[in-house]
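Student: Dropping the structure in here first, questions after.
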Amino acid sequence: MTTFEQKPTQPDAEAPATGPNPVRASRDRAVDLTRAACLVVVVGLHVMMAGITVGTDGLAITNSLDGHPIFAWSTWIVQVMPLFFVMGGFSALLAWRRQRERGVLASTYVRDRVARLARPALLPLGLVGITLAVLGLIGLPDAVLTDVGFRIGQPLWFLAVYLGCAGLVPFMARLHERAPWVTLLGMLAAVMAVDTVALLTAQPLIGALNLLFVWVFIQQLGFCLADGWFDWRRRWLLLVGGLGAFGVLLFMVLVIGYSTDMYDNLNPPTAAILVLGVGQTLLFAWLRPWLNRLAQRETLAGLSDAINKNAMQIYLWHVPVIVLIAVVLVIAGASFPEPLSGEWWQSRPPFLIAVALLLIPIVIGVAWLERRGERAEAAPVGPWLAALKVLLGISGVVTILVAGFTPAYGAAIGVTLLLVAVLLRSPRKRRPVAADACAGGAAPE
């Protein structure tokens, strides 16, 4: 969200790549490949987490990996959301600078980002809400509907946070260009203060403030990456720094008392997620030359482009697809092995393949519909209206997260707020009618 509407100044064309405001012309294939890989990990992990059981109350979907003795430590590797936000910050800064150079205003950038993030959510969230409402009318138990709705809605926290971070890009980019270290240290201090107060007061809800501070800090790391902060000549220092960050994380877990499970540290986010993000950024920078060479391969380049182009659709649709397949299996009378049993592990690859086979045509079809529905030009908005669009989008997602899909009015209110966030525009101003035009009886243009 931003409230400034100042025309940008053109950056110096001769500025070095590591200067305060560089604009790199070409895409970074290592970043593209990493973003795509992060999304694949997220989808695969959610498939692994889907523990499906059928009891006396009907279908139940639980986190099958919760309590697994190895899972908590494995989250230090598979918890890739910090890295995803770093890659998002990298791309967002360069995209904003390119648009700023063309004279695009901050409010226009924010308007477009809200549309690109919120519009894809309307169809899946609306369909889920309608489907669960119909199933409730035909007699499916409320407990089952609530559980299914909760599982489908869980990943939506990402959409709310990403909307907020995207809306802040022009403002945070200005802070980054003017006082990068002050900005980073200020955000770090805010994160530590929130963690401390939440711990001392035993009020975990206070930690919700770090939904802003942690993720914006990690987005700023992406800004630093885009400006060449991690282009060190002695690359081995990046490896040492990355491993050192994981050492700090180990100290925080063993001495301070942060949870070993990085998914526990995600809700709400804590300083442990911030440190994890620093370590992942440094290790990415160390691997970047190798990742660039790997990403040049035609097959991988095409695959990462396809995933990134449809990233929001993949993220929004993969959990409903998991639930849909589970429901079909229940109707078909399939047996469900005990989560984490040998038979359950054997069932994971076929289940993952089934999710992919159903998800791919859905994503292609939805992307086609969205392209047909896009307008060539969107109405301009002012800075305050752009900020309102961001707040409405966040409010819509939070409404669904808090109220759930059942009762149906929670989903209806949430989807309506998202729709308003997409469609809201500035009122048209009437042009003054020229005196000679009125005298001749001509209609005003």
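Note on naming: chains are A, B, ... as they come in the structure tokens, residues start from 1 per chain, ligands start from 1 in the order shown.
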For region 106-121 of chain A, please output as a list in words all residues within 7 Å (counting only C-alpha atoms; exclusion window: fewer than 3 positions along the same chain).
Tutor: Glu5, Pro124, Leu125, Leu163, Ala166, Gly167, Pro170, Met312, Gln313, Leu316, Pro380, Val381, Gly382, Pro383, Ala386, Val390, Gly393, Leu418 and Val422 of chain A
Student: Could you take the residues named above and write them with C-alpha atoms, as a short mmCIF file (atom, residue, chain, number, x, y, z; two decimals), in the first residue's frame?
Tutor:
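File part-v5.cif, as written:
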data_model
loop_
_atom_site.label_atom_id
_atom_site.label_comp_id
_atom_site.auth_asym_id
_atom_site.auth_seq_id
_atom_site.Cartn_x
_atom_site.Cartn_y
_atom_site.Cartn_z
CA GLU A 5 1.98 9.71 -6.27
CA PRO A 124 -12.06 -21.26 -6.83
CA LEU A 125 -13.22 -19.61 -3.62
CA LEU A 163 -1.32 -8.84 -1.36
CA ALA A 166 2.81 -6.35 -3.23
CA GLY A 167 0.90 -3.22 -2.24
CA PRO A 170 6.65 1.10 -4.34
CA MET A 312 -1.44 -18.21 -8.57
CA GLN A 313 -3.85 -20.61 -10.26
CA LEU A 316 -5.26 -21.63 -5.36
CA PRO A 380 -6.74 4.72 -13.47
CA VAL A 381 -6.95 4.96 -9.70
CA GLY A 382 -5.57 7.39 -7.18
CA PRO A 383 -3.19 6.47 -4.35
CA ALA A 386 -5.15 1.80 -4.60
CA VAL A 390 -5.25 -3.71 -1.11
CA GLY A 393 -8.40 -7.78 -0.86
CA LEU A 418 -12.22 -9.64 -3.23
CA VAL A 422 -10.71 -6.02 -8.28
#
Student: Find the residues near Gly51 (chain A): any atom within 7 Å, counting only C-alpha atoms, skip ones fewer than 4 places away on the same chain, and give them as a list in words.
Tutor: Ile61, Thr62, Asn63, Ser64 and Pro339 of chain A
Student: So the first atom is CA of Gly228 (chain A) and the second is CA of Met87 (chain A); what is the distance between them in Å, to one decimal place?
Tutor: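 Atom-to-atom, CA of Gly228 (chain A) to CA of Met87 (chain A), that is 13.5 Å.
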Student: If we count only C-alpha atoms and set the cut-off at 12 Å, which residues sit around Val182 (chain A), ignoring sequence neighbours fewer than 5 positions away in its own chain? Please answer as a PyMOL selection string.
Tutor: chain A and resi 172+175-177+187-189+217+220
Student: For each of A:Leu238, A:Leu391, A:Leu211, A:Ala179, take the minimum atom-to-atom distance to Phe158 (chain A), counting only C-alpha atoms, then give the residue where this is smallest.
Tutor: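 Going through A:Leu238, A:Leu391, A:Leu211, A:Ala179 one by one, the smallest distance to Phe158 (chain A) is for A:Leu211.
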Student: If DSSP is run on the backbone, what residues of region 188-390 of chain A are helix (DSSP H, G or I)? A reply as a PyMOL selection string would be ideal.
Tutor: chain A and resi 188-201+204-226+236-256+271-295+298-309+311-331+342-373+383-390
Student: Between A:Ile413, A:Val275, A:Ile360, A:Val128, single out the one closest to Ser395 (chain A), counting only C-alpha atoms.
Tutor: A:Ile413
Student: If we count only C-alpha atoms and set the cut-off at 10 Å, which residues sit around Asp195 (chain A), ignoring sequence neighbours fewer than 4 positions away in its own chain? Please answer as a list in words.
Tutor: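 The residues satisfying every condition are Ala189, Ala190, Val191, Leu199, Leu200, Pro204, Ile206, Gly207, Ala208, Leu209, Asn210, Pro268, Pro269, Thr270, Ala271 and Ala272 of chain A.
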Student: Could those residues be written to a file, using all heavy atoms, as a tab-separated table (two decimals), in the first residue's frame?
Tutor:
chain	number	residue	atom	x	y	z
A	189	ALA	N	14.31	-5.03	14.15
A	189	ALA	CA	13.98	-4.62	15.52
A	189	ALA	C	12.50	-4.80	15.81
A	189	ALA	O	12.12	-5.23	16.91
A	189	ALA	CB	14.40	-3.16	15.73
A	190	ALA	N	11.66	-4.51	14.82
A	190	ALA	CA	10.22	-4.67	15.02
A	190	ALA	C	9.86	-6.14	15.21
A	190	ALA	O	9.03	-6.48	16.06
A	190	ALA	CB	9.47	-4.09	13.82
A	191	VAL	N	10.48	-7.02	14.43
A	191	VAL	CA	10.23	-8.46	14.56
A	191	VAL	C	10.62	-8.95	15.95
A	191	VAL	O	9.85	-9.67	16.61
A	191	VAL	CB	11.00	-9.24	13.48
A	191	VAL	CG1	10.93	-10.75	13.74
A	191	VAL	CG2	10.44	-8.93	12.09
A	199	LEU	N	5.96	-13.30	23.77
A	199	LEU	CA	6.44	-14.30	24.73
A	199	LEU	C	6.20	-13.88	26.17
A	199	LEU	O	5.72	-14.68	27.00
A	199	LEU	CB	7.94	-14.54	24.50
A	199	LEU	CG	8.63	-15.53	25.44
A	199	LEU	CD1	8.04	-16.93	25.25
A	199	LEU	CD2	10.13	-15.55	25.20
A	200	LEU	N	6.49	-12.63	26.49
A	200	LEU	CA	6.37	-12.16	27.87
A	200	LEU	C	4.91	-12.06	28.32
A	200	LEU	O	4.59	-12.27	29.50
A	200	LEU	CB	7.06	-10.80	28.03
A	200	LEU	CG	8.58	-10.80	27.86
A	200	LEU	CD1	9.13	-9.38	27.99
A	200	LEU	CD2	9.25	-11.73	28.88
A	204	PRO	N	-0.23	-15.02	22.06
A	204	PRO	CA	0.28	-15.33	20.72
A	204	PRO	C	-0.30	-14.43	19.62
A	204	PRO	O	0.34	-14.23	18.59
A	204	PRO	CB	-0.15	-16.78	20.50
A	204	PRO	CG	-0.39	-17.33	21.88
A	204	PRO	CD	-0.87	-16.17	22.69
A	206	ILE	N	-0.53	-11.37	19.53
A	206	ILE	CA	0.33	-10.21	19.29
A	206	ILE	C	1.33	-10.53	18.17
A	206	ILE	O	1.72	-9.66	17.39
A	206	ILE	CB	1.06	-9.82	20.59
A	206	ILE	CG1	0.05	-9.33	21.63
A	206	ILE	CG2	2.13	-8.76	20.33
A	206	ILE	CD1	0.65	-8.99	22.97
A	207	GLY	N	1.71	-11.80	18.10
A	207	GLY	CA	2.64	-12.21	17.05
A	207	GLY	C	2.11	-12.01	15.65
A	207	GLY	O	2.87	-12.04	14.69
A	208	ALA	N	0.79	-11.81	15.51
A	208	ALA	CA	0.22	-11.58	14.18
A	208	ALA	C	0.79	-10.33	13.52
A	208	ALA	O	0.77	-10.20	12.28
A	208	ALA	CB	-1.30	-11.48	14.27
A	209	LEU	N	1.31	-9.41	14.32
A	209	LEU	CA	1.94	-8.21	13.75
A	209	LEU	C	3.12	-8.58	12.85
A	209	LEU	O	3.46	-7.86	11.92
A	209	LEU	CB	2.41	-7.27	14.86
A	209	LEU	CG	1.30	-6.58	15.67
A	209	LEU	CD1	1.90	-5.87	16.87
A	209	LEU	CD2	0.54	-5.61	14.78
A	210	ASN	N	3.74	-9.72	13.14
A	210	ASN	CA	4.88	-10.15	12.34
A	210	ASN	C	4.47	-10.68	10.97
A	210	ASN	O	5.34	-10.97	10.14
A	210	ASN	CB	5.71	-11.19	13.09
A	210	ASN	CG	6.74	-10.55	13.99
A	210	ASN	OD1	7.10	-9.38	13.80
A	210	ASN	ND2	7.22	-11.29	14.97
A	268	PRO	N	1.79	-17.63	14.14
A	268	PRO	CA	2.23	-16.52	13.29
A	268	PRO	C	3.74	-16.59	13.04
A	268	PRO	O	4.45	-17.30	13.76
A	268	PRO	CB	1.87	-15.29	14.12
A	268	PRO	CG	1.99	-15.76	15.54
A	268	PRO	CD	1.54	-17.20	15.54
A	269	PRO	N	4.22	-15.86	12.05
A	269	PRO	CA	5.66	-15.91	11.76
A	269	PRO	C	6.48	-15.32	12.89
A	269	PRO	O	6.07	-14.36	13.54
A	269	PRO	CB	5.80	-15.08	10.48
A	269	PRO	CG	4.59	-14.20	10.46
A	269	PRO	CD	3.50	-14.97	11.13
A	270	THR	N	7.64	-15.92	13.11
A	270	THR	CA	8.54	-15.47	14.17
A	270	THR	C	9.90	-15.12	13.58
A	270	THR	O	10.13	-15.27	12.37
A	270	THR	CB	8.73	-16.57	15.22
A	270	THR	OG1	9.43	-17.67	14.62
A	270	THR	CG2	7.39	-17.06	15.75
A	271	ALA	N	10.80	-14.69	14.45
A	271	ALA	CA	12.16	-14.37	14.02
A	271	ALA	C	12.86	-15.59	13.44
A	271	ALA	O	13.79	-15.46	12.65
A	271	ALA	CB	12.96	-13.81	15.19
A	272	ALA	N	12.41	-16.80	13.81
A	272	ALA	CA	13.02	-18.01	13.26
A	272	ALA	C	12.80	-18.07	11.75
A	272	ALA	O	13.70	-18.48	11.00
A	272	ALA	CB	12.43	-19.25	13.93
Student: Just how far from CA of Gly333 (chain A) is CA of Leu140 (chain A), in Å to one decimal?
Tutor: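 Going from CA of Leu140 (chain A) over to CA of Gly333 (chain A) covers 17.0 Å.
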Student: Out of A:Met81, A:Cys38, A:Ile70, A:Val319, which residue has the shortest atom-to-atom distance to Val148 (chain A) when counting only C-alpha atoms?
Tutor: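 Looking at the shortest contact to Val148 (chain A), the residue is A:Val319.
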Student: Find the distance between CA of Phe90 (chain A) and CA of Ala226 (chain A) and write it in Å to one decimal.
Tutor: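 Interatomic distance here is 5.1 Å.
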Student: As a ChimeraX atom specification, please: the residues near region 279-282 of chain A (cut-off 8 Å, only C-alpha atoms, same-chain neighbours under 6 positions excluded).
Tutor: /A:82-83,86,221,230,238-239,241-246
Student: Check the smallest atom-to-atom distance from each of A:Tyr258, A:Ile218, A:Leu127, A:Leu423 to Ala379 (chain A) using only C-alpha atoms, then report the winner.
Tutor: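 For Ala379 (chain A), the nearest of the candidates is A:Leu423.
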Student: Could you pull the residues within 9 Å of Ala133 (chain A), counting only C-alpha atoms, minus those fewer than 3 positions along the same chain, as a list in words?
Tutor: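 With the cut-off at 9 Å, the set is Val128, Gly129, Ile130, Gly136, Leu137, Ile138, Leu145, Phe405, Thr406, Pro407 and Ala408 of chain A.
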Student: Kindly save the residues from that selection, with C-alpha atoms included, as a PDB file, in the first residue's frame.
Tutor:
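The result, stored in result.pdb:
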ATOM      1  CA  VAL A 128     -15.798 -24.014  -2.918  1.00  0.00           C
ATOM      2  CA  GLY A 129     -18.296 -21.881  -1.010  1.00  0.00           C
ATOM      3  CA  ILE A 130     -21.201 -22.880  -3.275  1.00  0.00           C
ATOM      4  CA  GLY A 136     -24.746 -28.965   3.639  1.00  0.00           C
ATOM      5  CA  LEU A 137     -28.263 -28.670   2.227  1.00  0.00           C
ATOM      6  CA  ILE A 138     -28.279 -32.314   1.144  1.00  0.00           C
ATOM      7  CA  LEU A 145     -17.937 -29.511   5.985  1.00  0.00           C
ATOM      8  CA  PHE A 405     -16.544 -21.555   4.239  1.00  0.00           C
ATOM      9  CA  THR A 406     -19.311 -22.734   6.553  1.00  0.00           C
ATOM     10  CA  PRO A 407     -21.629 -21.049   7.229  1.00  0.00           C
ATOM     11  CA  ALA A 408     -21.846 -19.895   3.624  1.00  0.00           C
TER      12      ALA A 408
END
Student: I need the residue nearest Ile273 (chain A) from this list: A:Cys224, A:Val78, A:Val214, A:Leu357. Use only C-alpha atoms for the distance.
Tutor: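 Answer, going by the shortest atom-to-atom distance: A:Val214.
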